$ cat work.txt   # compact mmCIF, C-alpha atoms
# COMPACT_ATOMS: atom_id res chain seq x y z
CA MET A 1 49.02 222.81 32.14
CA SER A 2 52.12 220.78 32.96
CA LYS A 3 54.59 220.61 30.12
CA TYR A 4 55.96 217.23 31.21
CA ASN A 5 54.71 213.75 30.36
CA ARG A 6 55.48 211.31 33.17
CA ILE A 7 55.01 207.67 34.05
CA TYR A 8 55.23 206.17 37.52
CA PHE A 9 56.06 202.47 37.65
CA LEU A 10 55.58 200.24 40.67
CA CYS A 11 57.63 197.15 40.03
CA GLY A 12 58.16 193.94 41.99
CA ASN A 13 56.37 191.63 44.40
CA ALA A 14 52.95 192.96 45.39
CA ARG A 15 53.31 192.18 49.12
CA THR A 16 51.60 195.11 50.89
CA PHE A 17 51.07 197.15 47.71
CA SER A 18 47.31 197.50 48.22
CA GLN A 19 47.88 199.14 51.63
CA CYS A 20 50.49 201.53 50.23
CA PHE A 21 49.31 202.91 46.90
CA ASP A 22 46.99 205.54 48.35
CA SER A 23 49.98 207.02 50.18
CA ALA A 24 52.06 206.94 47.00
CA TYR A 25 49.34 208.82 45.15
CA SER A 26 48.75 211.48 47.80
CA HIS A 27 52.41 212.10 48.66
CA ILE A 28 54.15 211.50 45.32
CA ILE A 29 51.90 211.40 42.26
CA ASP A 30 49.73 214.29 43.40
CA LYS A 31 52.70 216.43 44.45
CA LEU A 32 55.57 215.95 42.02
CA PHE A 33 53.91 217.65 39.02
CA ASP A 34 51.04 220.04 38.43
CA ASN A 35 47.79 219.15 36.71
CA ASN A 36 47.65 215.36 36.46
CA THR A 37 45.58 214.30 33.46
CA LYS A 38 45.00 211.05 31.58
CA THR A 39 47.21 212.39 28.82
CA ASN A 40 50.27 213.50 30.78
CA THR A 41 50.21 211.16 33.80
CA HIS A 42 50.52 207.39 33.51
CA VAL A 43 51.03 204.63 36.08
CA LEU A 44 52.37 201.15 35.34
CA PHE A 45 51.80 198.31 37.80
CA TYR A 46 54.24 195.45 37.18
CA LEU A 47 53.41 193.18 40.10
CA LYS A 48 53.99 189.56 41.07
CA CYS A 49 51.65 187.64 43.37
CA ASP A 50 54.28 185.47 45.03
CA ASP A 51 57.40 186.36 47.00
CA PRO A 52 60.97 185.02 47.06
CA GLY A 53 60.82 184.66 50.86
CA PRO A 54 63.41 185.38 53.56
CA LYS A 55 66.80 186.63 52.40
CA GLY A 56 68.74 184.50 54.84
CA GLN A 57 70.16 187.63 56.48
CA ARG A 58 69.59 188.81 60.02
CA GLY A 59 67.01 191.57 59.99
CA TRP A 60 65.77 190.72 56.49
CA ASN A 61 64.03 187.39 56.99
CA PHE A 62 60.48 188.40 56.12
CA THR A 63 57.83 185.99 54.89
CA TYR A 64 54.80 186.98 52.80
CA SER A 65 51.92 184.74 51.75
CA PRO A 66 51.11 184.59 48.04
CA ILE A 67 48.42 187.04 46.94
CA ASN A 68 45.37 185.79 45.08
CA ILE A 69 45.60 187.14 41.53
CA GLU A 70 41.89 187.97 41.30
CA GLU A 71 42.07 189.84 44.59
CA LEU A 72 45.09 191.82 43.37
CA GLU A 73 43.40 192.64 40.07
CA ASN A 74 40.29 193.83 41.95
CA GLN A 75 42.47 196.07 44.13
CA ILE A 76 44.05 197.56 41.03
CA LEU A 77 40.60 198.10 39.50
CA HIS A 78 39.61 199.95 42.67
CA PHE A 79 42.57 202.32 42.28
CA THR A 80 41.88 202.93 38.58
CA LYS A 81 38.32 203.98 39.41
CA LYS A 82 39.35 206.06 42.42
CA TYR A 83 42.10 207.96 40.57
CA ASN A 84 40.28 208.41 37.27
CA ASN A 85 42.28 211.51 36.32
CA ILE A 86 45.29 209.43 35.28
CA THR A 87 45.95 206.52 32.92
CA PHE A 88 46.83 203.07 34.29
CA HIS A 89 48.67 200.17 32.68
CA THR A 90 48.91 196.78 34.36
CA LYS A 91 50.89 193.57 34.14
CA VAL A 92 50.12 191.12 36.94
CA LEU A 93 52.10 187.87 37.16
CA LEU A 94 51.63 184.81 39.33
CA THR A 95 55.39 184.47 39.65
CA ASN A 96 58.64 185.51 37.97
CA GLU A 97 58.34 186.10 34.25
CA ILE A 98 61.55 184.14 33.65
CA SER A 99 62.84 181.02 35.38
CA ASP A 100 65.87 181.04 37.65
CA ASP A 101 67.81 178.82 35.23
CA GLU A 102 67.01 181.00 32.22
CA LEU A 103 68.00 184.14 34.09
CA PHE A 104 71.16 182.61 35.54
CA SER A 105 72.26 181.51 32.08
CA GLN A 106 72.44 185.15 31.00
CA ILE A 107 75.42 185.86 33.28
CA LYS A 108 78.54 185.97 31.15
CA ASN A 109 81.02 185.16 33.92
CA ARG A 110 79.66 183.82 37.23
CA SER A 111 83.07 183.94 38.92
CA LEU A 112 83.03 187.76 38.94
CA TYR A 113 80.17 187.90 41.46
CA VAL A 114 81.73 187.37 44.86
CA ARG A 115 81.22 187.62 48.65
CA PHE A 116 77.48 188.28 49.17
CA PHE A 117 76.88 187.33 45.54
CA SER A 118 78.75 184.05 45.93
CA ASP A 119 75.41 182.67 47.18
CA ASP A 120 73.36 181.78 44.08
CA LYS A 121 70.07 182.60 45.83
CA LYS A 122 71.22 186.13 46.69
CA LEU A 123 72.54 186.73 43.19
CA LEU A 124 69.26 185.50 41.73
CA ARG A 125 67.29 188.00 43.83
CA ALA A 126 69.39 190.80 42.34
CA LEU A 127 69.00 189.38 38.84
CA HIS A 128 65.22 189.20 39.13
CA TYR A 129 65.06 192.76 40.46
CA ASN A 130 67.11 194.13 37.59
CA TYR A 131 65.25 191.98 35.05
CA ASN A 132 61.94 193.38 36.38
CA ILE A 133 63.22 196.92 35.83
CA GLU A 134 64.28 196.01 32.30
CA GLN A 135 60.85 194.53 31.55
CA CYS A 136 59.21 197.74 32.77
CA GLY A 137 61.44 199.68 30.40
CA LYS A 138 60.25 197.53 27.49
CA ILE A 139 56.59 197.92 28.46
CA ILE A 140 56.99 201.68 28.78
CA LYS A 141 58.52 201.83 25.29
CA GLU A 142 55.43 200.00 24.01
CA ILE A 143 53.17 202.48 25.83
CA GLU A 144 55.01 205.41 24.24
CA LEU A 145 54.52 203.90 20.79
CA LYS A 146 50.86 203.04 21.38
CA GLU A 147 50.00 206.39 22.92
CA ASN A 148 52.17 208.35 20.45
CA LEU A 149 53.98 210.22 23.20
CA ASN A 150 57.38 210.50 24.83
CA PHE A 151 57.74 210.58 28.58
CA ASP A 152 59.93 213.31 29.98
CA TYR A 153 60.23 211.59 33.37
CA TYR A 154 60.05 208.03 34.64
CA ILE A 155 59.43 207.63 38.37
CA TYR A 156 60.16 204.31 40.07
CA ILE A 157 58.36 203.48 43.33
CA ARG A 158 58.90 200.27 45.24
CA PRO A 159 55.38 198.79 45.65
CA ASP A 160 55.54 198.22 49.42
CA LEU A 161 56.59 201.74 50.43
CA PHE A 162 54.17 203.58 52.71
CA PHE A 163 54.68 207.36 52.52
CA SER A 164 54.01 209.70 55.44
CA GLY A 165 55.69 212.75 53.90
CA SER A 166 55.38 214.38 50.50
CA CYS A 167 57.98 214.97 47.83
CA LYS A 168 58.63 218.48 46.54
CA HIS A 169 57.60 219.77 43.15
CA ILE A 170 59.80 218.59 40.27
CA THR A 171 61.28 222.09 39.87
CA ASN A 172 63.06 221.64 43.22
CA TYR A 173 65.18 218.77 41.92
CA ALA A 174 68.09 218.68 39.49
CA GLN A 175 66.75 218.42 35.95
CA ASP A 176 69.83 216.68 34.55
CA LYS A 177 70.29 213.94 37.16
CA ILE A 178 68.63 210.73 38.27
CA ILE A 179 67.22 211.56 41.70
CA LEU A 180 67.55 208.76 44.24
CA GLU A 181 66.23 208.57 47.77
CA ASN A 182 69.02 207.41 50.06
CA LEU A 183 68.24 207.00 53.73
CA LYS A 184 71.20 204.64 53.71
CA VAL A 185 73.26 202.94 51.04
CA SER A 186 71.04 199.84 50.89
CA SER A 187 67.93 201.90 50.04
CA ILE A 188 68.94 203.22 46.63
CA ASP A 189 66.52 200.75 45.03
CA HIS A 190 63.46 202.27 46.75
CA PHE A 191 62.60 205.32 44.67
CA ALA A 192 63.97 207.18 41.65
CA ILE A 193 63.09 210.09 39.38
CA ILE A 194 64.64 209.43 35.97
CA PRO A 195 64.84 212.16 33.30
CA LYS A 196 64.35 211.03 29.70
CA LYS A 197 68.05 211.29 28.84
CA TYR A 198 68.87 208.50 31.32
CA ASN A 199 66.20 206.07 30.15
CA TYR A 200 68.70 203.48 28.93
CA ASP A 201 71.01 203.86 31.92
CA PHE A 202 68.28 203.09 34.41
CA PHE A 203 66.21 200.47 32.61
CA PHE A 204 68.67 198.53 30.52
CA SER A 205 72.32 199.04 31.50
CA ARG A 206 72.30 196.73 34.53
CA MET A 207 71.07 193.58 32.81
CA ASN A 208 73.37 194.42 29.93
CA LEU A 209 76.23 194.45 32.43
CA PHE A 210 75.38 190.93 33.63
CA ARG A 211 75.23 189.74 30.03
CA THR A 212 78.51 191.29 28.93
CA ASN A 213 80.75 191.73 31.97
CA ASN A 214 83.90 189.66 31.76
CA GLU A 215 86.21 191.90 33.75
CA HIS A 216 84.84 193.62 36.88
CA CYS A 217 83.92 192.00 40.20
CA PHE A 218 80.71 192.89 42.03
CA TRP A 219 79.52 191.71 45.43
CA ARG A 220 76.08 193.28 45.99
CA ASN A 221 73.23 194.84 44.03
CA GLU A 222 74.11 198.35 45.19
CA ASP A 223 77.41 197.99 43.32
CA ILE A 224 75.56 197.00 40.15
CA MET A 225 73.43 200.12 40.50
CA ARG A 226 76.51 202.29 40.90
CA ILE A 227 77.35 201.90 37.23
CA PHE A 228 75.05 204.84 36.59
CA LEU A 229 75.54 206.78 39.85
CA ASP A 230 77.78 209.39 38.22
CA ASN A 231 74.55 210.66 36.69
CA CYS A 232 72.67 210.70 40.01
CA GLU A 233 71.88 213.06 42.82
CA ILE A 234 71.25 211.20 46.07
CA ILE A 235 69.22 213.14 48.61
CA HIS A 236 66.71 212.63 51.40
CA LEU A 237 63.38 213.37 49.76
CA PHE A 238 60.60 212.58 52.22
CA LYS A 239 59.40 210.22 54.94
CA TYR A 240 58.42 206.65 54.18
CA LYS A 241 58.82 203.11 55.44
CA ILE A 242 58.65 199.62 54.00
CA LYS A 243 55.29 198.25 55.08
CA ARG A 244 55.95 194.70 56.14
CA VAL A 245 52.48 193.54 57.27
$ encode --input "work.txt" --output "structure tokens"
Amino acid sequence: MSKYNRIYFLCGNARTFSQCFDSAYSHIIDKLFDNNTKTNTHVLFYLKCDDPGPKGQRGWNFTYSPINIEELENQILHFTKKYNNITFHTKVLLTNEISDDELFSQIKNRSLYVRFFSDDKKLLRALHYNYNIEQCGKIIKEIELKENLNFDYYIYIRPDLFFSGSCKHITNYAQDKIILENLKVSSIDHFAIIPKKYNYDFFFSRMNLFRTNNEHCFWRNEDIMRIFLDNCEIIHLFKYKIKRV
């Protein structure tokens, strides 16, 4: 029996999630640890039915239609029945849990976010992403209290990733580092394996930075994420792609 409790969390806009989760299960959830059971293996879906739309950057201007919430909930129900050896937790939202104005007001010093971040819309995308991660951290804390357990590992999976190659067993990765997939610098927000000791760093430190920073300049989300990269190992883990349609 596996000695590790683990929770996988798929967090963000649903987009092509329903076409991707089977691949995430077969290549990640079924491979990373031994002996998945309802006690030791949990999955959190934190998904939004709408989409922020094109980024306004060449090569990133993708448009997705809103997903019907009942359809998304039925898809999730299908997965919970199909993979009945693990425990699922779900939070489905029609749109962002917090308004743009409310989120923007949490920035302590707007002038410190420059270049790419000088565009309010681009900064807001980063804020919502990091806020989503923080909300998942809060939900997971509630799950730990409710289930009377502590997770040893937290595994983040972007919901629209389609996997065609499997990860290795957890024993093949550094036990004292956050493991990030890094096909290129801009992909460090795709997948992560987070040991318990870095729970706060991953879930809460980034939004805390926005709320308290009155000194350092940042120009893209990757730079925000680098505040915890000293505790990371960045490697090429497996094959996957972002499923766009």
$ closest_residue --input "work.txt" --among "A:Lys82, A:Lys196, A:Lys168, A:Lys146" --to "Asp34 of chain A" --atoms "all atoms listed in the file"
A:Lys168
$ atom_distance --input "work.txt" --atom1 "atom CA of Ser18 of chain A" --atom2 "atom CA of Ile155 of chain A"
18.6 Å
$ closest_residue --input "work.txt" --among "A:Ser111, A:Thr39, A:Asn13, A:Asn85" --to "Pro66 of chain A" --atoms "all atoms listed in the file"
A:Asn13
$ atom_distance --input "work.txt" --atom1 "atom CA of Tyr154 of chain A" --atom2 "atom CA of Asp189 of chain A"
14.2 Å
$ residues_around --input "work.txt" --residues "Arg206 of chain A" --least-positions-apart "3" --cutoff "10 Å" --atoms "only C-alpha atoms" --output "list in words"
Leu127, Asn130, Tyr131, Ile133, Glu134, Tyr200, Asp201, Phe202, Phe203, Leu209, Phe210, Arg211, Thr212, Asn221, Ile224, Met225, Arg226, Ile227 and Phe228 of chain A
$ residues_around --input "work.txt" --residues "Glu233 of chain A" --least-positions-apart "2" --cutoff "7 Å" --atoms "only C-alpha atoms" --output "ChimeraX atom specification"
/A:177-180,235
$ closest_residue --input "work.txt" --among "A:Ile140, A:Pro52, A:Arg244, A:Ile67" --to "Asp100 of chain A" --atoms "only C-alpha atoms"
A:Pro52
$ closest_residue --input "work.txt" --among "A:Phe88, A:Phe116, A:Tyr240, A:Phe218" --to "Ser166 of chain A" --atoms "all atoms listed in the file"
A:Tyr240
$ closest_residue --input "work.txt" --among "A:Asn208, A:Thr16, A:Cys217, A:Asn231" --to "Gln175 of chain A" --atoms "only C-alpha atoms"
A:Asn231
$ atom_distance --input "work.txt" --atom1 "atom CA of Lys48 of chain A" --atom2 "atom CA of Asn96 of chain A"
6.9 Å
$ residues_around --input "work.txt" --residues "His27 of chain A" --least-positions-apart "4" --cutoff "10 Å" --atoms "all atoms listed in the file" --output "list in words"
Phe21, Asp22, Ser23, Lys31, Leu32, Phe162, Phe163, Ser164, Gly165, Ser166, Cys167, Lys168, Phe238, Lys239 and Tyr240 of chain A
$ closest_residue --input "work.txt" --among "A:Phe104, A:Val114, A:Leu94, A:Glu147" --to "Lys38 of chain A" --atoms "only C-alpha atoms"
A:Glu147
$ residues_near_point --input "work.txt" --point "(63.9, 177.7, 39.1)" --cutoff "12 Å" --atoms "only C-alpha atoms" --output "PDB file with C-alpha atoms, in the frame of the given file"
ATOM      1  CA  PRO A  52      60.970 185.020  47.060  1.00  0.00           C
ATOM      2  CA  THR A  95      55.390 184.470  39.650  1.00  0.00           C
ATOM      3  CA  ASN A  96      58.640 185.510  37.970  1.00  0.00           C
ATOM      4  CA  GLU A  97      58.340 186.100  34.250  1.00  0.00           C
ATOM      5  CA  ILE A  98      61.550 184.140  33.650  1.00  0.00           C
ATOM      6  CA  SER A  99      62.840 181.020  35.380  1.00  0.00           C
ATOM      7  CA  ASP A 100      65.870 181.040  37.650  1.00  0.00           C
ATOM      8  CA  ASP A 101      67.810 178.820  35.230  1.00  0.00           C
ATOM      9  CA  GLU A 102      67.010 181.000  32.220  1.00  0.00           C
ATOM     10  CA  LEU A 103      68.000 184.140  34.090  1.00  0.00           C
ATOM     11  CA  PHE A 104      71.160 182.610  35.540  1.00  0.00           C
ATOM     12  CA  SER A 105      72.260 181.510  32.080  1.00  0.00           C
ATOM     13  CA  ASP A 120      73.360 181.780  44.080  1.00  0.00           C
ATOM     14  CA  LYS A 121      70.070 182.600  45.830  1.00  0.00           C
ATOM     15  CA  LEU A 124      69.260 185.500  41.730  1.00  0.00           C
ATOM     16  CA  ARG A 125      67.290 188.000  43.830  1.00  0.00           C
ATOM     17  CA  HIS A 128      65.220 189.200  39.130  1.00  0.00           C
TER      18      HIS A 128
END
$ residues_around --input "work.txt" --residues "Lys141 of chain A" --least-positions-apart "6" --cutoff "10 Å" --atoms "only C-alpha atoms" --output "ChimeraX atom specification"
/A:135,147,149-151
$ write_last_selection --input "work.txt" --atoms "C-alpha atoms" --output "mmCIF file, in the frame of the given file"
data_model
loop_
_atom_site.group_PDB
_atom_site.id
_atom_site.type_symbol
_atom_site.label_atom_id
_atom_site.label_comp_id
_atom_site.auth_asym_id
_atom_site.auth_seq_id
_atom_site.Cartn_x
_atom_site.Cartn_y
_atom_site.Cartn_z
ATOM 1 C CA GLN A 135 60.850 194.530 31.550
ATOM 2 C CA GLU A 147 50.000 206.390 22.920
ATOM 3 C CA LEU A 149 53.980 210.220 23.200
ATOM 4 C CA ASN A 150 57.380 210.500 24.830
ATOM 5 C CA PHE A 151 57.740 210.580 28.580
#
